[in-house]
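Visitor: The following file, target-v5.cif, comprises mmCIF, C-alpha atoms; chains and numbers go by the auth columns:
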```cif
data_start
#
loop_
_atom_site.group_PDB
_atom_site.id
_atom_site.type_symbol
_atom_site.label_atom_id
_atom_site.label_comp_id
_atom_site.label_asym_id
_atom_site.label_seq_id
_atom_site.Cartn_x
_atom_site.Cartn_y
_atom_site.Cartn_z
_atom_site.B_iso_or_equiv
_atom_site.auth_seq_id
_atom_site.auth_asym_id
ATOM 1 C CA MET A 1 -1.503 -18.859 20.990 0.00 258 A
ATOM 2 C CA LYS A 2 -1.045 -15.123 21.110 0.00 259 A
ATOM 3 C CA LYS A 3 0.678 -13.237 18.310 0.00 260 A
ATOM 4 C CA ILE A 4 4.016 -11.475 18.858 0.00 261 A
ATOM 5 C CA SER A 5 2.223 -8.106 18.563 0.00 262 A
ATOM 6 C CA GLU A 6 -0.037 -9.117 21.479 0.00 263 A
ATOM 7 C CA ILE A 7 2.859 -10.161 23.718 0.00 264 A
ATOM 8 C CA LEU A 8 5.169 -7.228 22.902 0.00 265 A
ATOM 9 C CA ILE A 9 3.986 -4.447 25.178 0.00 266 A
ATOM 10 C CA LYS A 10 4.033 -0.848 24.006 0.00 267 A
ATOM 11 C CA GLU A 11 5.253 0.396 27.411 0.00 268 A
ATOM 12 C CA GLY A 12 8.106 -2.086 27.117 0.00 269 A
ATOM 13 C CA ILE A 13 9.604 -0.528 23.978 0.00 270 A
ATOM 14 C CA ILE A 14 12.797 1.496 24.463 0.00 271 A
ATOM 15 C CA LEU A 15 13.917 3.073 21.194 0.00 272 A
ATOM 16 C CA ASP A 16 17.156 4.493 22.565 0.00 273 A
ATOM 17 C CA LEU A 17 18.834 2.144 25.030 0.00 274 A
ATOM 18 C CA LYS A 18 21.146 4.020 27.382 0.00 275 A
ATOM 19 C CA LYS A 19 23.420 1.117 28.299 0.00 276 A
ATOM 20 C CA LYS A 20 26.229 -0.229 26.106 0.00 277 A
ATOM 21 C CA GLU A 21 27.187 -3.553 27.739 0.00 278 A
ATOM 22 C CA LYS A 22 25.179 -6.775 27.326 0.00 279 A
ATOM 23 C CA ILE A 23 24.470 -7.333 31.057 0.00 280 A
ATOM 24 C CA GLU A 24 23.543 -3.666 31.544 0.00 281 A
ATOM 25 C CA VAL A 25 21.188 -3.757 28.546 0.00 282 A
ATOM 26 C CA ILE A 26 19.491 -6.906 29.870 0.00 283 A
ATOM 27 C CA LYS A 27 19.156 -5.088 33.219 0.00 284 A
ATOM 28 C CA GLU A 28 17.695 -1.985 31.514 0.00 285 A
ATOM 29 C CA LEU A 29 15.077 -4.069 29.693 0.00 286 A
ATOM 30 C CA SER A 30 14.345 -6.124 32.829 0.00 287 A
ATOM 31 C CA GLU A 31 13.784 -2.922 34.838 0.00 288 A
ATOM 32 C CA ARG A 32 10.985 -2.050 32.435 0.00 289 A
ATOM 33 C CA LEU A 33 9.318 -5.420 33.154 0.00 290 A
ATOM 34 C CA ILE A 34 9.743 -4.921 36.890 0.00 291 A
ATOM 35 C CA ASN A 35 8.282 -1.399 36.764 0.00 292 A
ATOM 36 C CA LEU A 36 5.304 -2.650 34.750 0.00 293 A
ATOM 37 C CA GLY A 37 4.575 -5.341 37.343 0.00 294 A
ATOM 38 C CA TYR A 38 5.384 -8.455 35.284 0.00 295 A
ATOM 39 C CA ILE A 39 8.120 -9.641 37.666 0.00 296 A
ATOM 40 C CA THR A 40 7.361 -10.779 41.220 0.00 297 A
ATOM 41 C CA ASP A 41 10.976 -11.346 42.301 0.00 298 A
ATOM 42 C CA PRO A 42 13.454 -9.109 40.426 0.00 299 A
ATOM 43 C CA GLU A 43 16.539 -10.811 41.887 0.00 300 A
ATOM 44 C CA GLU A 44 15.404 -14.309 40.963 0.00 301 A
ATOM 45 C CA PHE A 45 14.389 -13.194 37.467 0.00 302 A
ATOM 46 C CA PHE A 46 17.644 -11.376 36.796 0.00 303 A
ATOM 47 C CA SER A 47 19.707 -14.284 38.073 0.00 304 A
ATOM 48 C CA GLU A 48 17.829 -16.705 35.787 0.00 305 A
ATOM 49 C CA ILE A 49 18.068 -14.580 32.662 0.00 306 A
ATOM 50 C CA LEU A 50 21.819 -14.137 33.195 0.00 307 A
ATOM 51 C CA LYS A 51 22.258 -17.864 33.836 0.00 308 A
ATOM 52 C CA ARG A 52 20.528 -18.501 30.485 0.00 309 A
ATOM 53 C CA GLU A 53 22.708 -15.902 28.752 0.00 310 A
ATOM 54 C CA ASN A 54 25.881 -17.500 30.134 0.00 311 A
ATOM 55 C CA LEU A 55 24.897 -20.930 28.785 0.00 312 A
ATOM 56 C CA GLU A 56 24.999 -19.660 25.238 0.00 313 A
ATOM 57 C CA SER A 57 24.759 -16.220 23.725 0.00 314 A
ATOM 58 C CA THR A 58 21.343 -15.048 22.607 0.00 315 A
ATOM 59 C CA GLY A 59 22.912 -12.915 19.875 0.00 316 A
ATOM 60 C CA ILE A 60 21.511 -14.631 16.785 0.00 317 A
ATOM 61 C CA GLY A 61 23.312 -12.447 14.239 0.00 318 A
ATOM 62 C CA MET A 62 21.974 -9.931 11.705 0.00 319 A
ATOM 63 C CA GLY A 63 22.058 -7.270 14.443 0.00 320 A
ATOM 64 C CA ILE A 64 19.601 -9.154 16.692 0.00 321 A
ATOM 65 C CA ALA A 65 19.694 -10.528 20.234 0.00 322 A
ATOM 66 C CA ILE A 66 16.855 -12.325 21.998 0.00 323 A
ATOM 67 C CA PRO A 67 17.707 -12.776 25.677 0.00 324 A
ATOM 68 C CA HIS A 68 15.037 -14.979 27.236 0.00 325 A
ATOM 69 C CA THR A 69 14.099 -17.098 30.237 0.00 326 A
ATOM 70 C CA ARG A 70 11.236 -18.846 31.951 0.00 327 A
ATOM 71 C CA SER A 71 10.922 -18.223 35.656 0.00 328 A
ATOM 72 C CA ARG A 72 8.589 -18.552 38.628 0.00 329 A
ATOM 73 C CA ALA A 73 9.232 -14.819 39.081 0.00 330 A
ATOM 74 C CA VAL A 74 7.335 -13.979 35.852 0.00 331 A
ATOM 75 C CA LYS A 75 3.548 -13.423 35.967 0.00 332 A
ATOM 76 C CA ASP A 76 2.746 -13.763 32.265 0.00 333 A
ATOM 77 C CA LEU A 77 4.458 -14.251 28.898 0.00 334 A
ATOM 78 C CA VAL A 78 5.762 -10.863 27.783 0.00 335 A
ATOM 79 C CA ILE A 79 8.248 -9.300 25.350 0.00 336 A
ATOM 80 C CA VAL A 80 10.069 -5.994 25.759 0.00 337 A
ATOM 81 C CA PHE A 81 12.166 -4.445 23.000 0.00 338 A
ATOM 82 C CA GLY A 82 15.166 -2.169 23.026 0.00 339 A
ATOM 83 C CA ARG A 83 17.074 -0.558 20.183 0.00 340 A
ATOM 84 C CA SER A 84 20.698 0.526 20.328 0.00 341 A
ATOM 85 C CA LYS A 85 22.188 2.892 17.750 0.00 342 A
ATOM 86 C CA GLU A 86 25.793 1.901 18.502 0.00 343 A
ATOM 87 C CA GLY A 87 24.969 -1.761 18.965 0.00 344 A
ATOM 88 C CA VAL A 88 25.726 -4.076 21.868 0.00 345 A
ATOM 89 C CA ASP A 89 28.173 -6.990 21.841 0.00 346 A
ATOM 90 C CA PHE A 90 26.064 -10.110 22.405 0.00 347 A
ATOM 91 C CA SER A 91 28.820 -12.460 21.111 0.00 348 A
ATOM 92 C CA SER A 92 26.706 -13.115 18.015 0.00 349 A
ATOM 93 C CA LEU A 93 27.708 -15.902 15.648 0.00 350 A
ATOM 94 C CA ASP A 94 28.400 -13.375 12.883 0.00 351 A
ATOM 95 C CA GLY A 95 30.526 -11.240 15.220 0.00 352 A
ATOM 96 C CA LYS A 96 28.328 -8.169 14.649 0.00 353 A
ATOM 97 C CA PRO A 97 26.779 -6.083 17.443 0.00 354 A
ATOM 98 C CA ALA A 98 23.063 -6.332 18.213 0.00 355 A
ATOM 99 C CA HIS A 99 20.961 -3.248 17.491 0.00 356 A
ATOM 100 C CA LEU A 100 17.543 -4.866 17.995 0.00 357 A
ATOM 101 C CA ILE A 101 17.166 -6.589 21.364 0.00 358 A
ATOM 102 C CA PHE A 102 13.987 -8.451 22.241 0.00 359 A
ATOM 103 C CA LEU A 103 13.765 -9.799 25.791 0.00 360 A
ATOM 104 C CA ILE A 104 11.246 -12.608 26.309 0.00 361 A
ATOM 105 C CA ALA A 105 10.106 -13.474 29.832 0.00 362 A
ATOM 106 C CA GLY A 106 7.778 -16.368 30.448 0.00 363 A
ATOM 107 C CA PRO A 107 6.321 -18.098 33.492 0.00 364 A
ATOM 108 C CA GLU A 108 7.478 -21.662 34.260 0.00 365 A
ATOM 109 C CA ASP A 109 4.097 -23.161 33.360 0.00 366 A
ATOM 110 C CA LYS A 110 3.903 -21.746 29.811 0.00 367 A
ATOM 111 C CA LYS A 111 6.758 -23.715 28.252 0.00 368 A
ATOM 112 C CA SER A 112 5.178 -24.493 24.875 0.00 369 A
ATOM 113 C CA GLU A 113 3.777 -20.987 24.400 0.00 370 A
ATOM 114 C CA TYR A 114 7.192 -19.566 25.377 0.00 371 A
ATOM 115 C CA LEU A 115 9.113 -21.789 22.929 0.00 372 A
ATOM 116 C CA PHE A 116 6.572 -21.125 20.190 0.00 373 A
ATOM 117 C CA THR A 117 6.936 -17.352 20.742 0.00 374 A
ATOM 118 C CA LEU A 118 10.731 -17.579 20.638 0.00 375 A
ATOM 119 C CA ALA A 119 10.613 -19.528 17.368 0.00 376 A
ATOM 120 C CA ARG A 120 8.085 -17.174 15.732 0.00 377 A
ATOM 121 C CA LEU A 121 10.010 -14.056 16.786 0.00 378 A
ATOM 122 C CA SER A 122 13.285 -15.509 15.427 0.00 379 A
ATOM 123 C CA LYS A 123 11.589 -16.351 12.123 0.00 380 A
ATOM 124 C CA LEU A 124 10.021 -12.870 11.871 0.00 381 A
ATOM 125 C CA LEU A 125 13.363 -11.139 12.496 0.00 382 A
ATOM 126 C CA ARG A 126 15.102 -13.114 9.748 0.00 383 A
ATOM 127 C CA LYS A 127 13.238 -10.982 7.202 0.00 384 A
ATOM 128 C CA ASP A 128 15.486 -8.138 6.032 0.00 385 A
ATOM 129 C CA GLU A 129 12.603 -5.692 5.640 0.00 386 A
ATOM 130 C CA VAL A 130 11.488 -6.244 9.256 0.00 387 A
ATOM 131 C CA ARG A 131 14.964 -5.433 10.601 0.00 388 A
ATOM 132 C CA ILE A 132 15.360 -2.446 8.282 0.00 389 A
ATOM 133 C CA GLU A 133 11.980 -0.995 9.284 0.00 390 A
ATOM 134 C CA LEU A 134 12.518 -1.628 13.017 0.00 391 A
ATOM 135 C CA ASN A 135 15.846 0.205 12.849 0.00 392 A
ATOM 136 C CA LYS A 136 14.051 3.214 11.312 0.00 393 A
ATOM 137 C CA ALA A 137 10.890 3.188 13.480 0.00 394 A
ATOM 138 C CA LYS A 138 10.174 6.612 14.990 0.00 395 A
ATOM 139 C CA ASP A 139 7.996 5.550 17.933 0.00 396 A
ATOM 140 C CA GLU A 140 6.433 2.651 19.832 0.00 397 A
ATOM 141 C CA GLU A 141 3.299 2.609 17.651 0.00 398 A
ATOM 142 C CA GLU A 142 5.429 2.232 14.541 0.00 399 A
ATOM 143 C CA VAL A 143 7.347 -0.690 16.096 0.00 400 A
ATOM 144 C CA LEU A 144 4.067 -2.482 16.864 0.00 401 A
ATOM 145 C CA ALA A 145 2.695 -1.705 13.396 0.00 402 A
ATOM 146 C CA ILE A 146 5.796 -3.227 11.758 0.00 403 A
ATOM 147 C CA ILE A 147 5.478 -6.406 13.836 0.00 404 A
ATOM 148 C CA LYS A 148 1.741 -6.665 13.007 0.00 405 A
ATOM 149 C CA LYS A 149 2.414 -6.097 9.311 0.00 406 A
ATOM 150 C CA TYR A 150 4.887 -8.977 8.974 0.00 407 A
ATOM 151 C CA GLU A 151 3.802 -11.557 11.544 0.00 408 A
ATOM 152 C CA ILE A 152 1.844 -14.561 10.399 0.00 409 A
#
```
Using structure tokens, write down the structure from this file.
Guide:
Amino acid sequence: MKKISEILIKEGIILDLKKKEKIEVIKELSERLINLGYITDPEEFFSEILKRENLESTGIGMGIAIPHTRSRAVKDLVIVFGRSKEGVDFSSLDGKPAHLIFLIAGPEDKKSEYLFTLARLSKLLRKDEVRIELNKAKDEEEVLAIIKKYEI
């Protein structure tokens, strides 16, 4: 199983998300995956990630959201990350906006690796120091260094 730092791609880190609405932010992060060649069918992928989001919010609280889906339109397990200064309403359980948004995309045939990644990322982001440092990170390298420092 790959580590979070191996699945989170440097080119997929956006430290200043432009969009303010949940759907638009998911689109902005998805565009990065499409441009990097991870998505074979953008329409199918976007439809599936929104379907997943509508089932139940991926805002887990503490300023974090982890939109995610598995799809035939995804080539390989990948994570992109976006940060929002103002925060985005992801209907989190604690009612607070999400500032750290990690989008996980996985292919249909990597279910266990996908679920394992989702669980490990959630556990990592529960640590206060990880969230504090990610909110202060100055560049993509620093984001990756923080993840490497705290992941198990």
Visitor: What does the structure give for the distance between CA of Ser262 in chain A and CA of Glu343 in chain A, in Å to one decimal?
Guide: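 CA of Glu343 in chain A lies 25.6 Å from CA of Ser262 in chain A.
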Visitor: Have a look at A:Val337, A:Ile317, A:Ile306, A:Leu401 and name the one nearest to Gly269 in chain A; count all atoms listed in the file.
Guide: A:Val337
Visitor: Counting all atoms listed in the file, which residue out of A:Leu274, A:Leu378, A:Ala394, A:Met319 sits closest to Lys353 in chain A?
Guide: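 Distance minimum relative to Lys353 in chain A lands on A:Met319.
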Visitor: Give as a PyMOL selection string the residues that the PyMOL selection byres ((chain A and resi 333) around 9) matches when applied to the coordinates above.
Guide: chain A and resi 295-296+331-332+334-335+362-364+367
Visitor: Range 324-327 of chain A: which residues within 8 Å, counting only C-alpha atoms, same-chain residues fewer than 6 positions away excluded, as a ChimeraX atom specification?
Guide: /A:283,305-306,309-310,315-316,358-365,368,371
Visitor: For the atom pair CA of Glu399 in chain A and CA of Ile280 in chain A, what is the interatomic distance in Å to one decimal place?
Guide: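 Pair CA of Glu399 in chain A / CA of Ile280 in chain A returns 27.0 Å.
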Visitor: Just how far from CA of Glu300 in chain A is CA of Ile321 in chain A, in Å to one decimal?
Guide: 25.4 Å
Visitor: When you look at Glu285 in chain A with a cut-off of 10 Å (counting only C-alpha atoms), what residues show up, excluding the ones that are within fewer than 4 positions of it in the same chain? I need them as a PyMOL selection string.
Guide: chain A and resi 271+274-276+279-281+289-290+339
Visitor: Step by step, work through what the PyMOL selection byres ((chain A and resi 258) around 12) selects in the shown file, and finish by giving those residues as a list in words.
Guide: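 Taken over the shown coordinates, the PyMOL selection byres ((chain A and resi 258) around 12) returns Lys259, Lys260, Ile261, Ser262, Glu263, Ile264, Leu334, Lys367, Ser369, Glu370, Tyr371, Leu372, Phe373, Thr374, Arg377 and Ile409 of chain A.
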Visitor: For Leu350 in chain A, which residue among A:Val400, A:Ala322, A:Leu293, A:Ala376 is the nearest when counting only C-alpha atoms?
Guide: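 Closest to Leu350 in chain A, using only C-alpha atoms: A:Ala322.
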Visitor: Which residue is closest to Lys405 in chain A? Choose from A:Ala355, A:Asp366, A:Arg329, A:Val387 and count only C-alpha atoms.
Guide: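 Checking each candidate against Lys405 in chain A, we get A:Val387 as the closest.
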Visitor: Check the smallest atom-to-atom distance from each of A:Ser314, A:Ser287, A:Ser341, A:Ser328 to Glu301 in chain A using all atoms listed in the file, then report the winner.
Guide: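 Residue with the minimum atom-to-atom distance to Glu301 in chain A: A:Ser328.
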Visitor: Smallest atom-to-atom distance to Asn392 in chain A: which of A:Lys277, A:Glu313, A:Leu272, A:Leu375, using only C-alpha atoms?
Guide: A:Leu272
Visitor: Calculate, to one decimal in Å, the centre and edge lengths of the box along x, y and z of the file that holds all listed atoms of range 379-389 of chain A with 8 Å of margin on each side, and present them as AutoDock Vina command-line options.
Guide:
```
--center_x 12.8 --center_y -9.4 --center_z 10.5 --size_x 21.5 --size_y 29.9 --size_z 25.8
```
